[in-house]
Amino acid sequence: MANPHRGEVTLTFAGRTCTLRPTFHILATLEQRLGLTLSQLLCRVEDKGLLASEMLIILSLATRHDGSAPFDSDAAMRLPAEDDSLKKAMPFIARFLIGAMGGEPSLDFPRLMHLAQVNLGINPEEFWKMSIVELSALLAPVSARVDASRGAEIPQSELYALMAQFPDNHAA
């Protein structure tokens, strides 16, 4: 069963239930294997749809995680030609890709890994097992602390009063 807090999506394909999990490792592997960014994949879904081979790669990779049996692409290849299981899977794949991106136009994997390591002490192996949803939830308190440390803006009149009270005198 899918855990929406991890950005997971569940679908039934060829009589079998599969859970797609958008870990950083899976997303980076998808981009590398398909030669397209997640944004480009989403544009293709919206424009004309994905090729059957692309959908099979996504389903195969996105189900390779602990807790869910991987998608069986051989079973998909044995389906009769008139079977429309892949066509029915398209909305689930689109939802998976949208959730995987966490609302971001593109994912900067090195920057995200740096944030996870510096702010949370997460090692690379743990990072690649996470989803954007999980990392966002973990970074939320760090982001809140940064926002709170910025404080409220000082009105311009108060700023000028402080400047007059404490001038920058560099005379030695």
# chains A, B, ... in the order shown; residues from 1 in each chain; ligands from 1
$ residues_around --residues "Arg95 (chain A)" --least-positions-apart "2" --cutoff "10 Å" --atoms "only C-alpha atoms" --output "list in words"
Gly7, Glu8, Val9, Leu42, Met90, Pro91, Phe92, Ile93, Leu97, Ile98, Gly99 and Ala100 of chain A
$ residues_around --residues "region 15-28 of chain A" --least-positions-apart "4" --cutoff "9 Å" --atoms "only C-alpha atoms" --output "JSON, numbers by chain"
{"A": [1, 2, 3, 6, 7, 8, 9, 10, 11, 32, 33, 37, 38, 58, 59, 61, 62, 63, 64, 65, 67, 68, 69, 70, 71, 92, 93, 96, 97, 99, 100, 101, 109, 127, 128, 129, 130, 131, 132, 133]}
$ closest_residue --among "A:Ala137, A:Met55, A:Ala94, A:Met163" --to "Leu34 (chain A)" --atoms "only C-alpha atoms"
A:Met55
$ closest_residue --among "A:Asp84, A:Pro110, A:Gln156, A:Asp168" --to "Pro124 (chain A)" --atoms "only C-alpha atoms"
A:Pro110
$ select_by_dssp --residues "region 8-149 of chain A" --states "alpha helix (DSSP H)" --output "compact mmCIF listing (two decimals) with N, CA and C atoms, in the first residue's frame"
# COMPACT_ATOMS: atom_id res chain seq x y z
N PHE A 24 15.54 9.33 -4.45
CA PHE A 24 16.49 10.08 -5.27
C PHE A 24 17.27 9.15 -6.19
N HIS A 25 17.63 7.97 -5.70
CA HIS A 25 18.36 7.00 -6.51
C HIS A 25 17.54 6.59 -7.73
N ILE A 26 16.28 6.28 -7.50
CA ILE A 26 15.40 5.88 -8.60
C ILE A 26 15.23 7.02 -9.60
N LEU A 27 15.04 8.25 -9.12
CA LEU A 27 14.85 9.39 -10.01
C LEU A 27 16.10 9.66 -10.85
N ALA A 28 17.26 9.62 -10.21
CA ALA A 28 18.50 9.85 -10.95
C ALA A 28 18.72 8.75 -11.98
N THR A 29 18.41 7.51 -11.62
CA THR A 29 18.55 6.39 -12.55
C THR A 29 17.59 6.54 -13.73
N LEU A 30 16.36 6.98 -13.45
CA LEU A 30 15.39 7.22 -14.53
C LEU A 30 15.92 8.26 -15.51
N GLU A 31 16.41 9.37 -14.99
CA GLU A 31 16.94 10.42 -15.86
C GLU A 31 18.10 9.90 -16.71
N GLN A 32 18.97 9.12 -16.10
CA GLN A 32 20.13 8.59 -16.80
C GLN A 32 19.71 7.57 -17.86
N ARG A 33 18.84 6.65 -17.51
CA ARG A 33 18.41 5.60 -18.46
C ARG A 33 17.59 6.14 -19.62
N LEU A 34 16.72 7.09 -19.34
CA LEU A 34 15.83 7.61 -20.39
C LEU A 34 16.43 8.79 -21.15
N LEU A 38 13.20 14.83 -15.33
CA LEU A 38 11.83 14.58 -14.87
C LEU A 38 10.87 15.59 -15.48
N SER A 39 11.31 16.84 -15.61
CA SER A 39 10.47 17.87 -16.24
C SER A 39 10.15 17.50 -17.68
N GLN A 40 11.14 17.03 -18.40
CA GLN A 40 10.92 16.63 -19.79
C GLN A 40 9.97 15.45 -19.88
N LEU A 41 10.11 14.50 -18.95
CA LEU A 41 9.19 13.36 -18.93
C LEU A 41 7.76 13.82 -18.70
N LEU A 42 7.58 14.73 -17.76
CA LEU A 42 6.24 15.25 -17.49
C LEU A 42 5.66 15.98 -18.70
N CYS A 43 6.48 16.75 -19.37
CA CYS A 43 6.02 17.44 -20.59
C CYS A 43 5.58 16.42 -21.63
N ARG A 44 6.32 15.35 -21.76
CA ARG A 44 5.95 14.31 -22.73
C ARG A 44 4.65 13.65 -22.35
N VAL A 45 4.44 13.42 -21.04
CA VAL A 45 3.18 12.82 -20.58
C VAL A 45 2.02 13.73 -20.97
N GLU A 46 2.19 15.04 -20.75
CA GLU A 46 1.13 16.00 -21.03
C GLU A 46 0.92 16.20 -22.53
N ASP A 47 1.99 16.18 -23.32
CA ASP A 47 1.88 16.45 -24.75
C ASP A 47 1.32 15.27 -25.54
N ALA A 52 5.74 3.09 -24.78
CA ALA A 52 5.54 1.90 -23.94
C ALA A 52 6.86 1.50 -23.28
N SER A 53 7.96 1.59 -24.03
CA SER A 53 9.26 1.21 -23.46
C SER A 53 9.64 2.12 -22.30
N GLU A 54 9.33 3.42 -22.41
CA GLU A 54 9.63 4.37 -21.32
C GLU A 54 8.78 4.05 -20.10
N MET A 55 7.52 3.74 -20.33
CA MET A 55 6.63 3.41 -19.22
C MET A 55 7.11 2.15 -18.51
N LEU A 56 7.55 1.16 -19.27
CA LEU A 56 8.04 -0.09 -18.66
C LEU A 56 9.30 0.16 -17.84
N ILE A 57 10.17 1.04 -18.34
CA ILE A 57 11.39 1.38 -17.59
C ILE A 57 11.01 2.08 -16.28
N ILE A 58 10.09 3.04 -16.35
CA ILE A 58 9.65 3.76 -15.15
C ILE A 58 9.05 2.78 -14.15
N LEU A 59 8.14 1.94 -14.60
CA LEU A 59 7.49 0.98 -13.70
C LEU A 59 8.51 0.01 -13.12
N SER A 60 9.43 -0.43 -13.94
CA SER A 60 10.44 -1.38 -13.48
C SER A 60 11.36 -0.77 -12.42
N LEU A 61 11.83 0.46 -12.68
CA LEU A 61 12.75 1.11 -11.73
C LEU A 61 12.05 1.61 -10.47
N ALA A 62 10.88 2.20 -10.63
CA ALA A 62 10.20 2.83 -9.50
C ALA A 62 9.65 1.84 -8.48
N SER A 73 8.46 -6.74 -15.89
CA SER A 73 8.28 -6.26 -17.26
C SER A 73 8.07 -7.42 -18.23
N ASP A 74 8.55 -8.62 -17.89
CA ASP A 74 8.30 -9.78 -18.75
C ASP A 74 6.81 -10.09 -18.80
N ALA A 75 6.12 -9.98 -17.67
CA ALA A 75 4.68 -10.21 -17.64
C ALA A 75 3.96 -9.19 -18.53
N ALA A 76 4.45 -7.95 -18.52
CA ALA A 76 3.84 -6.91 -19.36
C ALA A 76 4.03 -7.25 -20.84
N MET A 77 5.17 -7.79 -21.18
CA MET A 77 5.43 -8.13 -22.58
C MET A 77 4.57 -9.31 -23.05
N SER A 85 -3.50 -2.08 -20.40
CA SER A 85 -2.96 -1.86 -19.06
C SER A 85 -1.96 -0.70 -19.02
N LEU A 86 -1.12 -0.61 -20.04
CA LEU A 86 -0.14 0.48 -20.05
C LEU A 86 -0.84 1.82 -20.18
N LYS A 87 -1.85 1.89 -21.02
CA LYS A 87 -2.61 3.13 -21.17
C LYS A 87 -3.25 3.53 -19.85
N LYS A 88 -3.77 2.56 -19.11
CA LYS A 88 -4.40 2.83 -17.81
C LYS A 88 -3.37 3.22 -16.76
N ALA A 89 -2.11 2.83 -16.96
CA ALA A 89 -1.05 3.15 -16.00
C ALA A 89 -0.56 4.59 -16.13
N MET A 90 -0.82 5.23 -17.28
CA MET A 90 -0.30 6.58 -17.54
C MET A 90 -0.64 7.59 -16.44
N PRO A 91 -1.91 7.69 -15.97
CA PRO A 91 -2.19 8.68 -14.92
C PRO A 91 -1.41 8.41 -13.63
N PHE A 92 -1.17 7.14 -13.32
CA PHE A 92 -0.41 6.79 -12.12
C PHE A 92 1.05 7.19 -12.27
N ILE A 93 1.59 6.98 -13.47
CA ILE A 93 2.97 7.38 -13.74
C ILE A 93 3.09 8.90 -13.68
N ALA A 94 2.11 9.60 -14.25
CA ALA A 94 2.13 11.07 -14.19
C ALA A 94 2.08 11.55 -12.74
N ARG A 95 1.22 10.95 -11.92
CA ARG A 95 1.13 11.34 -10.51
C ARG A 95 2.44 11.05 -9.78
N PHE A 96 3.06 9.92 -10.12
CA PHE A 96 4.37 9.56 -9.56
C PHE A 96 5.41 10.61 -9.91
N LEU A 97 5.47 11.02 -11.18
CA LEU A 97 6.46 12.01 -11.61
C LEU A 97 6.21 13.37 -10.97
N ILE A 98 4.96 13.78 -10.89
CA ILE A 98 4.62 15.06 -10.26
C ILE A 98 5.02 15.04 -8.79
N GLY A 99 4.66 13.97 -8.09
CA GLY A 99 5.02 13.84 -6.67
C GLY A 99 6.52 13.75 -6.47
N ALA A 100 7.20 13.08 -7.41
CA ALA A 100 8.65 12.91 -7.30
C ALA A 100 9.37 14.25 -7.33
N MET A 101 8.82 15.19 -8.07
CA MET A 101 9.48 16.48 -8.20
C MET A 101 9.14 17.42 -7.06
N PHE A 109 20.28 17.40 -7.75
CA PHE A 109 20.66 16.34 -6.82
C PHE A 109 21.86 16.69 -5.96
N PRO A 110 22.96 17.24 -6.52
CA PRO A 110 24.10 17.59 -5.66
C PRO A 110 23.74 18.62 -4.57
N ARG A 111 22.94 19.65 -4.94
CA ARG A 111 22.54 20.66 -3.96
C ARG A 111 21.69 20.04 -2.86
N LEU A 112 20.74 19.19 -3.24
CA LEU A 112 19.88 18.55 -2.25
C LEU A 112 20.68 17.64 -1.32
N MET A 113 21.65 16.90 -1.89
CA MET A 113 22.47 16.03 -1.06
C MET A 113 23.31 16.85 -0.09
N HIS A 114 23.83 17.99 -0.55
CA HIS A 114 24.61 18.88 0.32
C HIS A 114 23.73 19.38 1.47
N LEU A 115 22.51 19.83 1.17
CA LEU A 115 21.60 20.29 2.22
C LEU A 115 21.33 19.19 3.24
N ALA A 116 21.10 17.98 2.75
CA ALA A 116 20.81 16.86 3.64
C ALA A 116 22.01 16.54 4.53
N GLN A 117 23.19 16.58 3.95
CA GLN A 117 24.39 16.24 4.72
C GLN A 117 24.75 17.33 5.72
N VAL A 118 24.77 18.58 5.29
CA VAL A 118 25.19 19.68 6.16
C VAL A 118 24.17 19.97 7.25
N ASN A 119 22.90 20.03 6.89
CA ASN A 119 21.86 20.43 7.85
C ASN A 119 21.33 19.28 8.70
N LEU A 120 21.40 18.06 8.17
CA LEU A 120 20.78 16.94 8.88
C LEU A 120 21.74 15.80 9.20
N PRO A 124 25.34 9.93 2.18
CA PRO A 124 24.86 9.73 0.81
C PRO A 124 24.00 8.48 0.62
N GLU A 125 24.35 7.39 1.27
CA GLU A 125 23.55 6.17 1.12
C GLU A 125 22.12 6.38 1.61
N GLU A 126 21.96 7.04 2.76
CA GLU A 126 20.61 7.35 3.27
C GLU A 126 19.89 8.31 2.34
N PHE A 127 20.62 9.30 1.81
CA PHE A 127 20.02 10.29 0.92
C PHE A 127 19.38 9.62 -0.29
N TRP A 128 20.11 8.72 -0.94
CA TRP A 128 19.61 8.12 -2.18
C TRP A 128 18.39 7.22 -1.94
N LYS A 129 18.14 6.84 -0.71
CA LYS A 129 16.96 6.02 -0.38
C LYS A 129 15.74 6.88 -0.07
N ILE A 132 11.81 13.17 -2.20
CA ILE A 132 11.80 14.62 -2.01
C ILE A 132 10.82 15.00 -0.89
N VAL A 133 9.73 14.24 -0.78
CA VAL A 133 8.73 14.51 0.27
C VAL A 133 9.36 14.32 1.65
N GLU A 134 10.12 13.24 1.80
CA GLU A 134 10.77 12.98 3.10
C GLU A 134 11.83 14.04 3.41
N LEU A 135 12.66 14.37 2.42
CA LEU A 135 13.69 15.37 2.66
C LEU A 135 13.07 16.73 2.99
N SER A 136 12.01 17.09 2.29
CA SER A 136 11.32 18.36 2.56
C SER A 136 10.80 18.40 3.99
N ALA A 137 10.23 17.28 4.44
CA ALA A 137 9.70 17.22 5.81
C ALA A 137 10.83 17.35 6.83
N LEU A 138 11.97 16.73 6.56
CA LEU A 138 13.10 16.82 7.49
C LEU A 138 13.73 18.20 7.49
N LEU A 139 13.73 18.87 6.34
CA LEU A 139 14.33 20.20 6.25
C LEU A 139 13.42 21.31 6.74
N ALA A 140 12.12 21.03 6.90
CA ALA A 140 11.16 22.07 7.31
C ALA A 140 11.58 22.78 8.60
N PRO A 141 11.98 22.05 9.67
CA PRO A 141 12.39 22.77 10.89
C PRO A 141 13.64 23.63 10.67
N VAL A 142 14.56 23.16 9.83
CA VAL A 142 15.77 23.94 9.53
C VAL A 142 15.37 25.21 8.80
N SER A 143 14.47 25.09 7.84
CA SER A 143 13.99 26.24 7.09
C SER A 143 13.26 27.23 8.00
N ALA A 144 12.47 26.71 8.94
CA ALA A 144 11.74 27.57 9.88
C ALA A 144 12.72 28.35 10.77
N ARG A 145 13.80 27.68 11.20
CA ARG A 145 14.81 28.35 12.03
C ARG A 145 15.49 29.47 11.24
N VAL A 146 15.79 29.21 9.97
CA VAL A 146 16.43 30.22 9.14
C VAL A 146 15.49 31.40 8.96
N ASP A 147 14.21 31.12 8.67
CA ASP A 147 13.23 32.20 8.50
C ASP A 147 13.07 33.01 9.79
N ALA A 148 13.06 32.34 10.94
CA ALA A 148 12.89 33.04 12.22
C ALA A 148 14.11 33.90 12.53
N SER A 149 15.30 33.41 12.12
CA SER A 149 16.51 34.17 12.42
C SER A 149 16.59 35.46 11.60
$ closest_residue --among "A:Ser157, A:Arg78, A:Gly102, A:Phe166" --to "Ala14 (chain A)" --atoms "only C-alpha atoms"
A:Arg78
$ atom_distance --atom1 "CA of Asn123 (chain A)" --atom2 "CA of Leu36 (chain A)"
26.7 Å
